[in-house]
Amino acid sequence: MTAMCDVAFLLLTFFMLATKFKPQEPVVVKTPSSISSIILPDKNVMLLTLDAKGRIFFSIDNNAKMRDALFEYINSDKGLNLTETEKKSFDLVPSIGVPFSQLKAYLDATPDQQKDMGEKAPGIPADTAAEAPNNELAVWIRNARNSNPQLRICIKADGDASYPDIQKIIKTLEGWKIFKFNLITNLKAIPTGTAAYKDANAGVTSK
Amino acid sequence: MAEMDTSSGGGHKKGPGVKKGKKLSTRIDLTPMVDLGFLLITFFMFTTTLAKPKTMEINMPYKDKNLQDEDKNKIKNSVALTVLLSKNHRVYYYEGIGDDPNKAPDLKATTFAQKNGIRDEIIAKKKMVDDMKRSGALTGKDEMTVLIKPDTTSTYNDLVNMLDEMNINDIKVYAIIDITDVERGFISATEQANGIK
């Protein structure tokens with residue numbers, strides 16, 4: 001009994017220390033699989049989520065300084081007249097999936113209401129041309145890059161999202177001369193007998 | 001069971017004249033603590049994210065509106081494989097870049113299947129390019145190039161699968177390019193010929 005309790009508490013300590021709470025996700029997204037095993041970095045990440053219906057959500061890691069800067073940029077760029085309270089709300093908001101016209105209302109809502117609104121959100125409007133006036137995604141990307149130039153761009157898209165939707169994001173990024181970005185995928189096994197398989201196994205044996 | 005026994009065990013016996021002090025029980029019931037412990041374990045096990053998300057890095061070709069035609073790299077027809085992604089996860093491919101307006105490329109249909117899928121075609125083409133390099137028909141600079149052209153009816157799954165094939169087969173040069181109307185025509189012509197709707 002004592003031994004079991006010891007183990008149990010050891011496990012408890014381990015999980016308490018090792019835990020990192022799952023970030024709140026705006027929508028459920030089923031990502032496709034690939035053999036790539038690069039781990040997503042913790043910091044300086046901008047995440048663009050695309051769900052199966054083609055709605056785009058924008059989120060950024062919790063760096064208050066960067067978020068404040070982004071808030072100011074967006075506020076002045078779009079002339080939204082946002083207040084200090086809304087700035088505080090912006091610091092905590094997990095993701096944004098509303099057009100600028102609804103941003104004020106979204107930031108004024110309580111976290112519970114925001115969650116509810118997020119589910120019904122229309123997504124950030126985007127277009128294949130980065131300069132298009134209705135391409136609000138481009139405004140987000142540009143200002144986020146201004147607030148933190150080291151920002152790495154990750155796209156988390158649903159496998160069932162249609163190509164024209166993902167194309168909008170890729171074209172917008174290309175419009176801002178961003179040619180390198182990460183796609184979030186699940187890990188799958190490397191098929192045997194292929195070039196990548198030989199490569200991976202050569203690394204193991206030579207060590 | 002779940003108590004701590006702190007009563008002095010055995011040892012020296014007290015003499016006959018010595019009076020025993022009244023012993024208070026020092027046993028503590030540990031059951032609630034253990035219950036709480038397990039509850040917390042369960043909670044942390046469910047909320048924790050041990051596996052971090054994996055990502056795939058892609059580099060898109062550099063594009064600029066001001067880029068002149070003569071600055072652009074021209075790829076040779078012999079090293080290129082064009083892959084068209086179509087609806088219902090179907091894949092069409094043809095050799096070359098298909099820039100000859102007079103001659104329609106020979107479109108072949110395949111899938112992402114493990115066997116006899118697009119992978120086998122890529123491997124075959126890669127071998128062909130390597131052979132041509134060895135025989136001197138191509139210089140060392142020439143690399144096999146895959147042009148990925150997703151149709152509007154394809155999904156993100158198809159695109160990632162195709163990019164994954166590039167990694168799996170170690171294709172160093174590939175590009176995602178917009179599909180042209182001409183190629184869309186090829187697909188529908190092939191679909192009609194094969195009776196696919």
# chains A, B, ... in the order shown; residues from 1 in each chain; ligands from 1
>>> select_by_dssp(residues="region 126-175 of chain B", states="strand (DSSP E)", output="list in words")
Thr145, Val146, Leu147, Ile148, Lys149, Pro150, Val173, Tyr174 and Ala175 of chain B
>>> interface_residues(of="chain A", to="chain B", cutoff="6 Å", atoms="only C-alpha atoms", output="list in words")
Leu12, Phe15, Thr19, Lys20, Phe21, Pro32, Ser34, Ser36, Ser37, Ile38, Ile39, Leu40, Gly159, Asp160, Ala161, Ser162, Tyr163, Pro164, Phe179, Lys180, Phe181, Asn182, Leu183, Ile184, Thr185, Ala195 and Ala196 of chain A
>>> atom_distance(atom1="CA of Leu103 (chain A)", atom2="CA of Asn146 (chain A)")
19.9 Å
>>> closest_residue(among="B:Val91, B:Ala109, B:Ala124, B:Ile97", to="Ala175 (chain B)", atoms="only C-alpha atoms")
B:Ile97
>>> select_by_dssp(residues="chain A", states="alpha helix (DSSP H)", output="MDAnalysis selection string")
chainID A and resid 2:18 64:78 84:92 100:108 111:120 136:147 163:175 195:206
>>> residues_around(residues="Gly96 (chain B)", least_positions_apart="6", cutoff="7 Å", atoms="only C-alpha atoms", output="PyMOL selection string")
chain B and resi 77-82
>>> atom_distance(atom1="CA of Leu84 (chain B)", atom2="CA of Gln167 (chain A)")
15.1 Å
>>> residues_around(residues="Met144 (chain B)", least_positions_apart="4", cutoff="10 Å", atoms="only C-alpha atoms", output="MDAnalysis selection string")
chainID B and resid 75:76 78:81 122 125:130 171:174
>>> write_last_selection(atoms="C-alpha atoms", output="mmCIF file, in the first residue's frame")
data_model
loop_
_atom_site.group_PDB
_atom_site.id
_atom_site.type_symbol
_atom_site.label_atom_id
_atom_site.label_comp_id
_atom_site.auth_asym_id
_atom_site.auth_seq_id
_atom_site.Cartn_x
_atom_site.Cartn_y
_atom_site.Cartn_z
ATOM 1 C CA ILE B 75 13.191 23.875 -66.101
ATOM 2 C CA LYS B 76 13.819 21.286 -68.700
ATOM 3 C CA SER B 78 12.810 16.012 -69.332
ATOM 4 C CA VAL B 79 13.232 16.507 -65.589
ATOM 5 C CA ALA B 80 9.706 17.653 -64.850
ATOM 6 C CA LEU B 81 6.741 15.707 -63.631
ATOM 7 C CA ILE B 122 7.735 9.583 -58.678
ATOM 8 C CA LYS B 125 10.766 9.283 -62.770
ATOM 9 C CA LYS B 126 13.527 9.946 -60.293
ATOM 10 C CA LYS B 127 15.362 6.854 -61.461
ATOM 11 C CA MET B 128 14.956 7.970 -65.053
ATOM 12 C CA VAL B 129 16.436 11.386 -64.303
ATOM 13 C CA ASP B 130 19.337 9.780 -62.441
ATOM 14 C CA ILE B 171 12.475 15.261 -54.077
ATOM 15 C CA LYS B 172 14.401 18.469 -53.524
ATOM 16 C CA VAL B 173 12.777 20.678 -56.089
ATOM 17 C CA TYR B 174 9.047 21.068 -56.184
#
>>> residues_around(residues="Asn63 (chain A)", least_positions_apart="2", cutoff="9 Å", atoms="only C-alpha atoms", output="PyMOL selection string")
chain A and resi 43-44+60-61+65-68+91
>>> write_last_selection(atoms="C-alpha atoms", output="PDB file, in the first residue's frame")
ATOM      1  CA  LYS A  43       7.424  31.076 -28.625  1.00  0.00           C
ATOM      2  CA  ASN A  44       6.998  33.541 -31.450  1.00  0.00           C
ATOM      3  CA  ILE A  60      -0.802  34.494 -31.412  1.00  0.00           C
ATOM      4  CA  ASP A  61       1.221  33.365 -28.388  1.00  0.00           C
ATOM      5  CA  LYS A  65       4.182  43.231 -25.024  1.00  0.00           C
ATOM      6  CA  MET A  66       3.719  41.877 -28.506  1.00  0.00           C
ATOM      7  CA  ARG A  67      -0.037  41.707 -28.135  1.00  0.00           C
ATOM      8  CA  ASP A  68      -0.177  45.309 -26.931  1.00  0.00           C
ATOM      9  CA  ASP A  91      -4.298  40.462 -24.123  1.00  0.00           C
TER      10      ASP A  91
END
>>> residues_around(residues="Ala129 (chain A)", least_positions_apart="3", cutoff="8 Å", atoms="only C-alpha atoms", output="PyMOL selection string")
chain A and resi 132+135+168+171-172+175
>>> residues_around(residues="Pro99 (chain A)", least_positions_apart="5", cutoff="10 Å", atoms="only C-alpha atoms", output="ChimeraX atom specification")
/A:104,106,121-126,134-137
>>> write_last_selection(atoms="N, CA and C atoms", output="CSV table (one decimal), in the first residue's frame")
chain,number,residue,atom,x,y,z
A,104,LYS,N,-14.8,45.0,-32.1
A,104,LYS,CA,-15.1,45.8,-30.8
A,104,LYS,C,-16.1,45.0,-30.0
A,106,TYR,N,-16.7,41.9,-30.1
A,106,TYR,CA,-16.1,40.6,-29.7
A,106,TYR,C,-15.2,40.8,-28.4
A,121,ALA,N,-18.5,32.4,-35.3
A,121,ALA,CA,-17.8,33.5,-36.0
A,121,ALA,C,-17.7,33.2,-37.5
A,122,PRO,N,-17.8,34.3,-38.3
A,122,PRO,CA,-17.7,34.1,-39.7
A,122,PRO,C,-16.2,33.8,-40.2
A,123,GLY,N,-15.2,34.0,-39.3
A,123,GLY,CA,-13.8,33.9,-39.8
A,123,GLY,C,-13.3,35.2,-40.3
A,124,ILE,N,-12.0,35.3,-40.4
A,124,ILE,CA,-11.4,36.5,-40.9
A,124,ILE,C,-11.5,36.5,-42.4
A,125,PRO,N,-12.0,37.6,-43.0
A,125,PRO,CA,-12.1,37.6,-44.4
A,125,PRO,C,-10.7,37.6,-45.1
A,126,ALA,N,-10.5,36.8,-46.1
A,126,ALA,CA,-9.2,36.8,-46.8
A,126,ALA,C,-9.5,36.7,-48.3
A,134,ASN,N,-10.5,44.0,-49.0
A,134,ASN,CA,-11.3,43.1,-48.1
A,134,ASN,C,-10.4,42.0,-47.5
A,135,ASN,N,-9.1,42.0,-47.8
A,135,ASN,CA,-8.3,41.0,-47.2
A,135,ASN,C,-7.8,41.4,-45.9
A,136,GLU,N,-8.6,41.1,-44.9
A,136,GLU,CA,-8.3,41.5,-43.5
A,136,GLU,C,-7.2,40.6,-42.9
A,137,LEU,N,-7.1,39.4,-43.4
A,137,LEU,CA,-6.0,38.5,-43.0
A,137,LEU,C,-4.7,39.1,-43.2
